Amino acid sequence: MTEETAGSPKKVGWFCTYTPEEIIHAAGFTPYRVLPQSTSGAGNVEDALPANLCPYPRKILSNIRRGLYKDLHGIVVANSCNAMIHLYNVLKEESDSFVYLLDLPRKQDGKAVDYFTRELELLAGFLGSEGETVTENRLVQTIKTYRHKNDLLQIMISRNGQTSAAGHSPVGLSELAIEAACSAPETFNRKLEGIIAKEQNGYKQNAEGESRTETSCLLLTGGLPPHGLEEILAKRPGFSIYPENCSGMRYLQKPLLPLSPNENPLREELFEMIACNYLEKLPCPRIFNRQAREDYYRRLLDELPVRAVIYQDLLFCDMCHYDYLMLKNLMEEKDIPHLKLKTELGKEDLGQLKTRVEAFLEILE
Amino acid sequence: MNPQKLFRKNLKGKLGRKLLASPGTYQLAREVFVKRNSFSCEARRQMTSMALDQAAEAYQQKKPVAWTSAFFPSEIVYFFDLVPFAPEAAAGTSASLDLAPDLLKQSDHMGIASDSCSFHRCAAAGTTLEYFPLPDFLMASSHLCDGAPRLFQYMASRYNKPLFLLDVPFRENEDSLKYVAEQLADITRNLERQTGQNLTGERIKKVFEFSNRARRYQLEISRLRQQIPSPMNGEEGLSYIYLTLLGQGHPETPEIYRTLAEELQTIVNNEAVQSTPGEEEKFRLIWLHLRPYYSSEMISYLEKELKQKIVAEEMNYVYWPPLDPEKPFLSLAQKILAHPGLGPIGRRLKTIEKMCQDYQAHGVVHFSHWGCRQSAGGTMFMKKKLREKGIPFLALDGDCIDGTSFPWGQTLTRIEGFQEVLEQIYS
């Protein structure tokens, strides 16, 4: 997997949004989120991962075996679920680059933060042995870079509706999240700074003449969205898409790391800060906090102009299955139309997906 | 008509639900079936009696009932003299009573995904149809299963009862021991508040003594089963998983294992005199994961027809150190974190290899329960790694609960094919 571009930092792949990019970055690597690519199927993995396992790790393995991520210097797999552990087993066996398994608590309390802090120290130690030593100074610099990235992302998110209203090309939130997770933060920050500065005038002009257009919103939630879904949805005007998933808002809306430039925190404090920050982010169905998840869904349904919900119930994913049961009750309570999709994330589902989604959208119209 | 057949026939529908939810049914079953019927051995009779008593007690609702997921440490339940009830074990029973098809249909109506584990689908449906005794507490652990904690969250919200979730990391080090031990201490403190009981050192000592004595007899049983020929088959061995799930820390458990050890010792003594080794066990197998609960046909064919005897089951393997009453939570955390199935597959593979050596097994069979991500998910990898070590491995695809689509013909062919492989290797 190692074919690095001369001069640029080596990329390290990660999967789960609870993986702290800051630590990978502080070790001198560029964190790169490994997502299923648009290639179809997972046909070349039957010897390693059975067909009745989540399609995400199956597709990732398939893509890796096809040589899609040749430029990765290593991979950090988080202990998100049984399926990811099985992916780790196979990658560890087959990869000639490093593969590290990060333990990830399912709770969010102080004890979980303490445990995760120790885990992050182990991760930093390991990554330091593969790249640069993760010093306090490097961590502080990295945290500042990521704070800036977060600030810029919040501006982009808040302007997403205005950009559409001003007649510019809308920046899809999912597209933004994926680019943010797959780019070097310094390059990405410069790009966002450019976009924001360039559009500043457009916003000012627009703000005088018209207020933000409040369109109906389609809440896209559940597991990773299948390939092509957002493209299908984008073709139907009248809805903005709110991607409540880990390749959308759950990645984009991380709490800000509480670091001020004057502070001089200790190494352990820095790790604790990162651990706390990640465990406190918008709850994922994996976290043992059903109430927080339900409150979060309620808030979204109350605060957003949600016209309908599309739930991506990833095949063979228990987190998604039970999360859907909870959301289904809420949607019925609020009389919100919804569509449950079950896909394998690839092109093979596209035809059926298009038919179902278009039929659903027609009903909404 | 045979009373057992008549009983089974009347289990479906409202009357069946009433029957199953009545403590009297279990008391009657104990009188009729346990006392009068013959069992393969005395230990099995004792275990059935214990299970029926626990079921009757749970439905009586005189004491608080704790629903527990598989692998949640039952010692915690016995610290407070709660009555344990395992919805996943109840799902297994529902399959053996032919109730599972209806429960699975019900789970579909409820919107439970059909690709979820059928133990959990049945348990969820059993909850809705009110087959189960009402819980006072629900307790689930994240090891080894992703689905169980979610199922328990779902069920706890339905009953609006306290739920205790145990988050078990995959790593086994000082930090993870501390993390698990602190959670166990929290759960215990919470139970003290909820039940109004003070957990004394004396009580901990008593429960741990039961657990440790059971462990000692389990090790003795393992030693006896390592004999050639083995004194017990897998059909029998797999039934004792009930004690693994619900019996650890219960006073009757060590007695049942003691009886079993004595019975096996008698068989070993007799066989040493009467039998020629290899006569009834052509090949010795290690069995991984569980078994189909709706039929014994497959295991019976394997063991009785083909003489491939299951000499050890992964689920009965003693992997944990004795519990220390001076450090109760740390000790339980050690037990939990020692599970070979936690985390990366290396520990599980090492355990299987050790079992193969200890039991002089010729091969390994994995029953790949369709909805199990943890066990079945690693089948391909295990197959590759065990074959590299020269250990023949057979994966049988199926479902422990849902017998409707069980590929019996294909399974037969695969079992017979495995027999040929074993014959070629060991002839």
# chains A, B, ... in the order shown; residues from 1 in each chain; ligands from 1

$ residues_around --residues "A:Leu49" --least-positions-apart "5" --cutoff "7 Å" --atoms "only C-alpha atoms" --output "mmCIF file with C-alpha atoms, in the first residue's frame"
data_model
loop_
_atom_site.group_PDB
_atom_site.id
_atom_site.type_symbol
_atom_site.label_atom_id
_atom_site.label_comp_id
_atom_site.auth_asym_id
_atom_site.auth_seq_id
_atom_site.Cartn_x
_atom_site.Cartn_y
_atom_site.Cartn_z
ATOM 1 C CA ARG A 58 -16.395 -6.111 2.658
ATOM 2 C CA GLY B 377 -17.886 -13.399 10.717
ATOM 3 C CA MET B 380 -13.257 -17.834 6.602
#

$ interface_residues --of "chain B" --to "chain A" --cutoff "10 Å" --atoms "only C-alpha atoms" --output "MDAnalysis selection string"
chainID B and resid 110:117 142:151 153:154 157 165:171 175:180 182:183 342:346 370:384

$ atom_distance --atom1 "atom CA of B:Glu297" --atom2 "atom CA of B:Tyr26"
26.5 Å

$ select_by_dssp --residues "stretch 297-347 of chain B" --states "helix (DSSP H, G or I)" --output "ChimeraX atom specification"
/B:297-305,314-316,328-337,346-347

$ residues_around --residues "A:Ile336" --least-positions-apart "2" --cutoff "6 Å" --atoms "only C-alpha atoms" --output "ChimeraX atom specification"
/A:308,331,334

$ write_last_selection --atoms "N, CA and C atoms" --output "PDB file, in the first residue's frame"
ATOM      1  N   ALA A 308     -39.422  14.747   5.049  1.00  0.00           N
ATOM      2  CA  ALA A 308     -39.427  13.269   5.021  1.00  0.00           C
ATOM      3  C   ALA A 308     -38.069  12.755   5.481  1.00  0.00           C
ATOM      4  N   MET A 331     -40.955   9.034  14.072  1.00  0.00           N
ATOM      5  CA  MET A 331     -41.525   9.509  12.804  1.00  0.00           C
ATOM      6  C   MET A 331     -43.029   9.259  12.776  1.00  0.00           C
ATOM      7  N   LYS A 334     -44.668  11.845  14.922  1.00  0.00           N
ATOM      8  CA  LYS A 334     -44.721  13.169  14.300  1.00  0.00           C
ATOM      9  C   LYS A 334     -45.316  13.131  12.902  1.00  0.00           C
TER      10      LYS A 334
END

$ residues_around --residues "A:Gln352" --least-positions-apart "3" --cutoff "12 Å" --atoms "only C-alpha atoms" --output "short mmCIF file (atom, residue, chain, number, x, y, z; two decimals) with N, CA and C atoms, in the first residue's frame"
data_model
loop_
_atom_site.label_atom_id
_atom_site.label_comp_id
_atom_site.auth_asym_id
_atom_site.auth_seq_id
_atom_site.Cartn_x
_atom_site.Cartn_y
_atom_site.Cartn_z
N PRO A 226 -25.80 4.69 0.55
CA PRO A 226 -25.34 3.88 -0.58
C PRO A 226 -24.87 4.77 -1.73
N GLY A 228 -24.60 6.62 -4.97
CA GLY A 228 -25.57 7.15 -5.94
C GLY A 228 -26.83 7.72 -5.33
N LEU A 229 -27.06 7.51 -4.03
CA LEU A 229 -28.32 7.98 -3.43
C LEU A 229 -28.43 9.50 -3.47
N ILE A 232 -29.21 10.85 -6.84
CA ILE A 232 -30.62 10.67 -7.21
C ILE A 232 -31.45 11.77 -6.54
N LEU A 341 -34.28 2.09 3.48
CA LEU A 341 -33.54 1.43 2.40
C LEU A 341 -32.63 0.37 3.02
N LYS A 342 -32.48 -0.70 2.30
CA LYS A 342 -31.52 -1.72 2.73
C LYS A 342 -30.61 -1.96 1.54
N THR A 343 -29.37 -1.59 1.67
CA THR A 343 -28.50 -1.74 0.50
C THR A 343 -27.16 -2.33 0.91
N GLU A 344 -26.39 -2.64 -0.12
CA GLU A 344 -25.04 -3.17 0.10
C GLU A 344 -23.99 -2.16 -0.29
N GLY A 346 -23.23 -0.56 -2.92
CA GLY A 346 -22.55 -0.53 -4.22
C GLY A 346 -23.46 -0.21 -5.38
N LYS A 347 -22.87 -0.21 -6.55
CA LYS A 347 -23.61 0.08 -7.78
C LYS A 347 -24.69 -0.97 -8.05
N GLU A 348 -24.48 -2.16 -7.52
CA GLU A 348 -25.41 -3.25 -7.81
C GLU A 348 -26.82 -2.94 -7.32
N ASP A 349 -26.93 -2.03 -6.35
CA ASP A 349 -28.24 -1.70 -5.80
C ASP A 349 -28.89 -0.53 -6.55
N THR A 355 -35.58 3.38 -8.32
CA THR A 355 -37.02 3.16 -8.43
C THR A 355 -37.71 3.46 -7.10
N ARG A 356 -37.16 2.93 -6.03
CA ARG A 356 -37.79 3.11 -4.72
C ARG A 356 -37.76 4.56 -4.27
N VAL A 357 -36.61 5.20 -4.44
CA VAL A 357 -36.47 6.59 -3.98
C VAL A 357 -37.37 7.51 -4.81
N GLU A 358 -37.39 7.30 -6.12
CA GLU A 358 -38.21 8.18 -6.97
C GLU A 358 -39.68 8.00 -6.66
N ALA A 359 -40.09 6.77 -6.42
CA ALA A 359 -41.50 6.52 -6.07
C ALA A 359 -41.84 7.23 -4.76
#

$ select_by_dssp --residues "stretch 162-225 of chain B" --states "strand (DSSP E or B)" --output "number ranges by chain"
B: 163-166

$ closest_residue --among "A:Pro9, A:Gly67, A:Gly172, A:Gly194" --to "A:Leu233" --atoms "only C-alpha atoms"
A:Gly172

$ residues_around --residues "A:Leu330" --least-positions-apart "2" --cutoff "12 Å" --atoms "only C-alpha atoms" --output "NGL selection string"
:A and (293-302 or 309 or 323-328 or 332-338)

$ residues_around --residues "B:Ala95" --least-positions-apart "6" --cutoff "7 Å" --atoms "only C-alpha atoms" --output "list in words"
Tyr293, Tyr294 and Ile401 of chain B

$ write_last_selection --atoms "N, CA, C and O atoms" --output "short mmCIF file (atom, residue, chain, number, x, y, z; two decimals), in the first residue's frame"
data_model
loop_
_atom_site.label_atom_id
_atom_site.label_comp_id
_atom_site.auth_asym_id
_atom_site.auth_seq_id
_atom_site.Cartn_x
_atom_site.Cartn_y
_atom_site.Cartn_z
N TYR B 293 -31.27 -25.49 17.56
CA TYR B 293 -32.09 -25.89 18.71
C TYR B 293 -33.42 -26.52 18.30
O TYR B 293 -34.15 -27.01 19.15
N TYR B 294 -33.74 -26.49 17.01
CA TYR B 294 -35.02 -27.06 16.55
C TYR B 294 -34.88 -28.53 16.19
O TYR B 294 -35.87 -29.22 16.00
N ILE B 401 -31.88 -21.04 15.39
CA ILE B 401 -33.28 -20.90 15.78
C ILE B 401 -34.25 -21.16 14.62
O ILE B 401 -35.28 -21.80 14.79
#

$ atom_distance --atom1 "atom CA of B:Ala124" --atom2 "atom CA of B:Met155"
7.2 Å
